[in-house]
Amino acid sequence: MRLTKIAIAATGIAMLAFTTPLAAQTRNAPLRIIYPFPGGGSGDTVTRLIAERLGIALERSVIVEPRVGAAGRLGVQAVKSAEPDGNTLLATPIAPMAVYQSVYPALDYDPVRDFVPVTQFATFDFGICIDPSIPAGNLAELVAWLRANPAKANFGTPGAGTLPHFFGLMFAKAAGVPLQHIAYKGGMIALTDLMGGQIPIVLLSTNELAELHKSGRVRVLATSGAQRSVFLTDVPTFRESGYAIEGSGWWGFFAPAGTPAAAVSKLSGAIASIVQSDDVKARIAKVGLEPTGTSPEEFARIQREDIERWAAPIKASGFKPEQ
């Protein structure tokens, strides 16, 4: 009898030896945040800020790991292939998760099937701006000017295949004007040509336009969000201006498909709480993004709506990316 009890006890200890370290390993493993684009931009800055605060909130190590290449696709694929154990997140802008499936003929991942939305943490809008010498104080007057000057109906963006490119085509269709897209290699080059009278219209993110608009060097006529931009509160939205279009960019976190719901919920709640704290909100706004912080369910809805929203203008553009 005594030997039997000893045997049972020994078996139990052996089982603990195998199970406890595994549980501890999962709990104590560092949380990796894969960032799929080059560092230095606003998204990278905010991702690292959140990672720092998240490590404190969760009492665990949080590492931001750059995985750059293929326009962000390499990092996305790395997260798709990661163990769905709650220890890996993807921090990404909208394009790889709601635009690329309409751009690239074949992706090595499915943005919906292969990932679980965790939380959206920031948004950004676009603004349509003109040289102040153009006699247009609103979108209706701009459309009238374009119809009277069809040879000048051009608009510039930071590049082909960007959301401002596709949004400009949405506006052209809604307004019934044949706008010709001019792709620049960056927003500042497009703005230089605008202010130099080389191009009449430029579409860029609002944070690139706010100070120039306030100083009178450019005139922003409308912004693309559902509500007015916090950076340009005096400028109406496209919808307010009579054109039923809207579209915003965003940044968010995703986990590999199969990540336990409890882990997703915990991470989502912690990140949203961080993003909505006063000091972090101020720091996010300082880099030109609008802080949000959503539930996984709300973020999933946003992702689905944006996949549908951008598909038509992307197809209409005829844009073919370099692989």
# chains A, B, ... in the order shown; residues from 1 in each chain; ligands from 1
>>> select_by_dssp(residues="region 68-214 of chain A", states="strand (DSSP E or B)", output="PyMOL selection string")
chain A and resi 88-93+115-124+126-130+154-157+180-183+201-205
>>> closest_atom_pairs(of="region 105-170 of chain A", to="region 207-215 of chain A", cutoff="9 Å", atoms="only C-alpha atoms", output="tab-separated table")
residue	atom	partner	partner_atom	distance
A:Phe124	CA	A:Asn207	CA	8.1
A:Asp125	CA	A:Asn207	CA	8.3
A:Phe126	CA	A:Asn207	CA	8.5
A:Gly127	CA	A:Leu209	CA	7.4
A:Cys129	CA	A:Leu209	CA	7.9
>>> residues_around(residues="Lys173 (chain A)", least_positions_apart="3", cutoff="12 Å", atoms="only C-alpha atoms", output="PyMOL selection string")
chain A and resi 143+166-170+176-180+243-245+312-313+316-317
>>> closest_atom_pairs(of="region 29-148 of chain A", to="region 192-200 of chain A", cutoff="12 Å", atoms="only C-alpha atoms", output="JSON lines")
{"residue": "A:Ile128", "atom": "CA", "partner": "A:Pro200", "partner_atom": "CA", "distance": 10.4}
{"residue": "A:Cys129", "atom": "CA", "partner": "A:Pro200", "partner_atom": "CA", "distance": 8.4}
{"residue": "A:Ile130", "atom": "CA", "partner": "A:Pro200", "partner_atom": "CA", "distance": 5.6}
{"residue": "A:Asp131", "atom": "CA", "partner": "A:Met195", "partner_atom": "CA", "distance": 6.0}
{"residue": "A:Pro132", "atom": "CA", "partner": "A:Met195", "partner_atom": "CA", "distance": 8.6}
{"residue": "A:Ser133", "atom": "CA", "partner": "A:Gly197", "partner_atom": "CA", "distance": 8.7}
{"residue": "A:Ile134", "atom": "CA", "partner": "A:Pro200", "partner_atom": "CA", "distance": 7.6}
{"residue": "A:Pro135", "atom": "CA", "partner": "A:Pro200", "partner_atom": "CA", "distance": 11.0}
{"residue": "A:Ala136", "atom": "CA", "partner": "A:Pro200", "partner_atom": "CA", "distance": 11.0}
{"residue": "A:Leu142", "atom": "CA", "partner": "A:Pro200", "partner_atom": "CA", "distance": 10.0}
{"residue": "A:Trp145", "atom": "CA", "partner": "A:Pro200", "partner_atom": "CA", "distance": 10.6}
{"residue": "A:Leu146", "atom": "CA", "partner": "A:Pro200", "partner_atom": "CA", "distance": 9.6}
>>> write_last_selection(atoms="all heavy atoms", output="PDB file, in the first residue's frame")
ATOM      1  N   ILE A 128      -8.072  66.847 -49.504  1.00  0.00           N
ATOM      2  CA  ILE A 128      -7.862  67.318 -50.869  1.00  0.00           C
ATOM      3  C   ILE A 128      -7.531  68.800 -50.785  1.00  0.00           C
ATOM      4  O   ILE A 128      -8.262  69.584 -50.177  1.00  0.00           O
ATOM      5  CB  ILE A 128      -9.093  67.056 -51.765  1.00  0.00           C
ATOM      6  CG1 ILE A 128      -8.796  67.457 -53.214  1.00  0.00           C
ATOM      7  CG2 ILE A 128     -10.359  67.717 -51.242  1.00  0.00           C
ATOM      8  CD1 ILE A 128      -9.853  66.978 -54.211  1.00  0.00           C
ATOM      9  N   CYS A 129      -6.382  69.173 -51.328  1.00  0.00           N
ATOM     10  CA  CYS A 129      -5.959  70.570 -51.214  1.00  0.00           C
ATOM     11  C   CYS A 129      -5.603  71.136 -52.581  1.00  0.00           C
ATOM     12  O   CYS A 129      -5.271  70.397 -53.516  1.00  0.00           O
ATOM     13  CB  CYS A 129      -4.804  70.709 -50.237  1.00  0.00           C
ATOM     14  SG  CYS A 129      -3.218  70.078 -50.820  1.00  0.00           S
ATOM     15  N   ILE A 130      -5.685  72.459 -52.675  1.00  0.00           N
ATOM     16  CA  ILE A 130      -5.422  73.149 -53.926  1.00  0.00           C
ATOM     17  C   ILE A 130      -4.494  74.336 -53.671  1.00  0.00           C
ATOM     18  O   ILE A 130      -4.327  74.785 -52.535  1.00  0.00           O
ATOM     19  CB  ILE A 130      -6.728  73.646 -54.582  1.00  0.00           C
ATOM     20  CG1 ILE A 130      -7.443  74.642 -53.668  1.00  0.00           C
ATOM     21  CG2 ILE A 130      -7.639  72.477 -54.945  1.00  0.00           C
ATOM     22  CD1 ILE A 130      -8.652  75.321 -54.305  1.00  0.00           C
ATOM     23  N   ASP A 131      -3.928  74.836 -54.740  1.00  0.00           N
ATOM     24  CA  ASP A 131      -3.179  76.084 -54.699  1.00  0.00           C
ATOM     25  C   ASP A 131      -4.189  77.203 -54.425  1.00  0.00           C
ATOM     26  O   ASP A 131      -5.227  77.280 -55.091  1.00  0.00           O
ATOM     27  CB  ASP A 131      -2.514  76.291 -56.066  1.00  0.00           C
ATOM     28  CG  ASP A 131      -1.676  77.548 -56.145  1.00  0.00           C
ATOM     29  OD1 ASP A 131      -1.961  78.508 -55.403  1.00  0.00           O
ATOM     30  OD2 ASP A 131      -0.744  77.579 -56.957  1.00  0.00           O
ATOM     31  N   PRO A 132      -3.943  78.065 -53.429  1.00  0.00           N
ATOM     32  CA  PRO A 132      -4.910  79.125 -53.107  1.00  0.00           C
ATOM     33  C   PRO A 132      -5.228  80.067 -54.262  1.00  0.00           C
ATOM     34  O   PRO A 132      -6.239  80.783 -54.218  1.00  0.00           O
ATOM     35  CB  PRO A 132      -4.218  79.891 -51.965  1.00  0.00           C
ATOM     36  CG  PRO A 132      -3.312  78.891 -51.339  1.00  0.00           C
ATOM     37  CD  PRO A 132      -2.809  78.057 -52.483  1.00  0.00           C
ATOM     38  N   SER A 133      -4.402  80.051 -55.311  1.00  0.00           N
ATOM     39  CA  SER A 133      -4.698  80.918 -56.457  1.00  0.00           C
ATOM     40  C   SER A 133      -5.860  80.398 -57.302  1.00  0.00           C
ATOM     41  O   SER A 133      -6.438  81.137 -58.098  1.00  0.00           O
ATOM     42  CB  SER A 133      -3.450  81.063 -57.338  1.00  0.00           C
ATOM     43  OG  SER A 133      -3.101  79.818 -57.935  1.00  0.00           O
ATOM     44  N   ILE A 134      -6.206  79.131 -57.124  1.00  0.00           N
ATOM     45  CA  ILE A 134      -7.351  78.572 -57.855  1.00  0.00           C
ATOM     46  C   ILE A 134      -8.635  79.131 -57.246  1.00  0.00           C
ATOM     47  O   ILE A 134      -8.819  79.084 -56.026  1.00  0.00           O
ATOM     48  CB  ILE A 134      -7.346  77.035 -57.795  1.00  0.00           C
ATOM     49  CG1 ILE A 134      -6.140  76.486 -58.564  1.00  0.00           C
ATOM     50  CG2 ILE A 134      -8.637  76.450 -58.366  1.00  0.00           C
ATOM     51  CD1 ILE A 134      -5.979  74.986 -58.472  1.00  0.00           C
ATOM     52  N   PRO A 135      -9.547  79.650 -58.054  1.00  0.00           N
ATOM     53  CA  PRO A 135     -10.769  80.283 -57.530  1.00  0.00           C
ATOM     54  C   PRO A 135     -11.819  79.263 -57.082  1.00  0.00           C
ATOM     55  O   PRO A 135     -12.864  79.084 -57.712  1.00  0.00           O
ATOM     56  CB  PRO A 135     -11.263  81.099 -58.725  1.00  0.00           C
ATOM     57  CG  PRO A 135     -10.803  80.325 -59.919  1.00  0.00           C
ATOM     58  CD  PRO A 135      -9.468  79.733 -59.529  1.00  0.00           C
ATOM     59  N   ALA A 136     -11.519  78.575 -55.985  1.00  0.00           N
ATOM     60  CA  ALA A 136     -12.454  77.580 -55.458  1.00  0.00           C
ATOM     61  C   ALA A 136     -12.355  77.572 -53.939  1.00  0.00           C
ATOM     62  O   ALA A 136     -11.280  77.330 -53.393  1.00  0.00           O
ATOM     63  CB  ALA A 136     -12.142  76.193 -56.024  1.00  0.00           C
ATOM     64  N   LEU A 142     -14.635  73.788 -56.937  1.00  0.00           N
ATOM     65  CA  LEU A 142     -13.510  73.100 -57.566  1.00  0.00           C
ATOM     66  C   LEU A 142     -13.975  72.261 -58.746  1.00  0.00           C
ATOM     67  O   LEU A 142     -13.345  72.266 -59.809  1.00  0.00           O
ATOM     68  CB  LEU A 142     -12.790  72.214 -56.549  1.00  0.00           C
ATOM     69  CG  LEU A 142     -11.653  71.359 -57.123  1.00  0.00           C
ATOM     70  CD1 LEU A 142     -10.537  72.233 -57.700  1.00  0.00           C
ATOM     71  CD2 LEU A 142     -11.094  70.408 -56.062  1.00  0.00           C
ATOM     72  N   TRP A 145     -14.642  74.449 -61.620  1.00  0.00           N
ATOM     73  CA  TRP A 145     -13.379  74.895 -62.218  1.00  0.00           C
ATOM     74  C   TRP A 145     -12.754  73.787 -63.067  1.00  0.00           C
ATOM     75  O   TRP A 145     -12.227  74.038 -64.168  1.00  0.00           O
ATOM     76  CB  TRP A 145     -12.417  75.318 -61.110  1.00  0.00           C
ATOM     77  CG  TRP A 145     -11.110  75.847 -61.613  1.00  0.00           C
ATOM     78  CD1 TRP A 145     -10.828  77.126 -62.006  1.00  0.00           C
ATOM     79  CD2 TRP A 145      -9.898  75.097 -61.787  1.00  0.00           C
ATOM     80  NE1 TRP A 145      -9.511  77.225 -62.417  1.00  0.00           N
ATOM     81  CE2 TRP A 145      -8.917  75.982 -62.287  1.00  0.00           C
ATOM     82  CE3 TRP A 145      -9.537  73.769 -61.563  1.00  0.00           C
ATOM     83  CZ2 TRP A 145      -7.607  75.588 -62.569  1.00  0.00           C
ATOM     84  CZ3 TRP A 145      -8.238  73.371 -61.852  1.00  0.00           C
ATOM     85  CH2 TRP A 145      -7.293  74.271 -62.340  1.00  0.00           C
ATOM     86  N   LEU A 146     -12.808  72.543 -62.595  1.00  0.00           N
ATOM     87  CA  LEU A 146     -12.258  71.424 -63.347  1.00  0.00           C
ATOM     88  C   LEU A 146     -13.004  71.215 -64.659  1.00  0.00           C
ATOM     89  O   LEU A 146     -12.390  70.917 -65.695  1.00  0.00           O
ATOM     90  CB  LEU A 146     -12.305  70.147 -62.501  1.00  0.00           C
ATOM     91  CG  LEU A 146     -11.331  70.077 -61.318  1.00  0.00           C
ATOM     92  CD1 LEU A 146     -11.664  68.905 -60.412  1.00  0.00           C
ATOM     93  CD2 LEU A 146      -9.893  69.982 -61.809  1.00  0.00           C
TER      94      LEU A 146
END
>>> closest_residue(among="A:Leu49, A:Ala106, A:Ala257, A:Ala160", to="Leu90 (chain A)", atoms="only C-alpha atoms")
A:Ala257
>>> select_by_dssp(residues="region 41-250 of chain A", states="helix (DSSP H, G or I)", output="JSON, numbers by chain")
{"A": [42, 43, 44, 45, 46, 47, 48, 49, 50, 51, 52, 53, 54, 55, 56, 57, 58, 70, 71, 72, 73, 74, 75, 76, 77, 78, 79, 80, 81, 95, 96, 97, 98, 100, 101, 102, 103, 139, 140, 141, 142, 143, 144, 145, 146, 147, 148, 150, 151, 152, 163, 164, 165, 166, 167, 168, 169, 170, 171, 172, 173, 174, 175, 187, 188, 189, 190, 191, 192, 193, 194, 195, 206, 207, 208, 209, 210, 211, 212, 213, 214, 215]}
>>> atom_distance(atom1="CA of Val64 (chain A)", atom2="CA of Ile33 (chain A)")
4.7 Å
>>> residues_around(residues="region 261-265 of chain A", least_positions_apart="6", cutoff="12 Å", atoms="only C-alpha atoms", output="count of residues only")
24
>>> closest_residue(among="A:Phe121, A:Leu139, A:Arg301, A:Ala174", to="Thr237 (chain A)", atoms="only C-alpha atoms")
A:Leu139
>>> residues_around(residues="Ile274 (chain A)", least_positions_apart="3", cutoff="9 Å", atoms="only C-alpha atoms", output="ChimeraX atom specification")
/A:50,53-54,57,269-271,277-278,280-281,293
>>> closest_residue(among="A:Ala153, A:Ala122, A:Ile189, A:Ile34", to="Ala285 (chain A)", atoms="only C-alpha atoms")
A:Ala122
>>> closest_atom_pairs(of="region 249-295 of chain A", to="region 217-230 of chain A", cutoff="12 Å", atoms="only C-alpha atoms", output="JSON lines")
{"residue": "A:Gly249", "atom": "CA", "partner": "A:Gly225", "partner_atom": "CA", "distance": 9.0}
{"residue": "A:Trp250", "atom": "CA", "partner": "A:Gly225", "partner_atom": "CA", "distance": 11.2}
{"residue": "A:Ala285", "atom": "CA", "partner": "A:Val230", "partner_atom": "CA", "distance": 9.0}
{"residue": "A:Lys286", "atom": "CA", "partner": "A:Val230", "partner_atom": "CA", "distance": 11.5}
{"residue": "A:Gly288", "atom": "CA", "partner": "A:Val230", "partner_atom": "CA", "distance": 9.6}
{"residue": "A:Leu289", "atom": "CA", "partner": "A:Val230", "partner_atom": "CA", "distance": 9.4}
{"residue": "A:Glu290", "atom": "CA", "partner": "A:Val230", "partner_atom": "CA", "distance": 7.6}
{"residue": "A:Pro291", "atom": "CA", "partner": "A:Val230", "partner_atom": "CA", "distance": 10.7}
>>> write_last_selection(atoms="C-alpha atoms", output="mmCIF file, in the first residue's frame")
data_model
loop_
_atom_site.group_PDB
_atom_site.id
_atom_site.type_symbol
_atom_site.label_atom_id
_atom_site.label_comp_id
_atom_site.auth_asym_id
_atom_site.auth_seq_id
_atom_site.Cartn_x
_atom_site.Cartn_y
_atom_site.Cartn_z
ATOM 1 C CA GLY A 249 -6.537 54.701 -43.022
ATOM 2 C CA TRP A 250 -5.778 52.924 -39.753
ATOM 3 C CA ALA A 285 -1.970 62.983 -31.819
ATOM 4 C CA LYS A 286 1.448 64.653 -31.842
ATOM 5 C CA GLY A 288 -0.543 63.074 -36.704
ATOM 6 C CA LEU A 289 -2.702 60.065 -35.869
ATOM 7 C CA GLU A 290 -6.079 59.954 -34.142
ATOM 8 C CA PRO A 291 -6.082 57.443 -31.241
#
>>> atom_distance(atom1="CA of Val235 (chain A)", atom2="CA of Ala175 (chain A)")
18.4 Å
>>> residues_around(residues="Asp44 (chain A)", least_positions_apart="3", cutoff="12 Å", atoms="only C-alpha atoms", output="number ranges by chain")
A: 33-41, 47-51, 64-66, 90-93, 251-252, 284, 287, 289
>>> closest_residue(among="A:Ala82, A:Val68, A:Ile201, A:Ala98", to="Gln303 (chain A)", atoms="only C-alpha atoms")
A:Ala98
>>> atom_distance(atom1="CA of Glu298 (chain A)", atom2="CA of Asp108 (chain A)")
25.5 Å
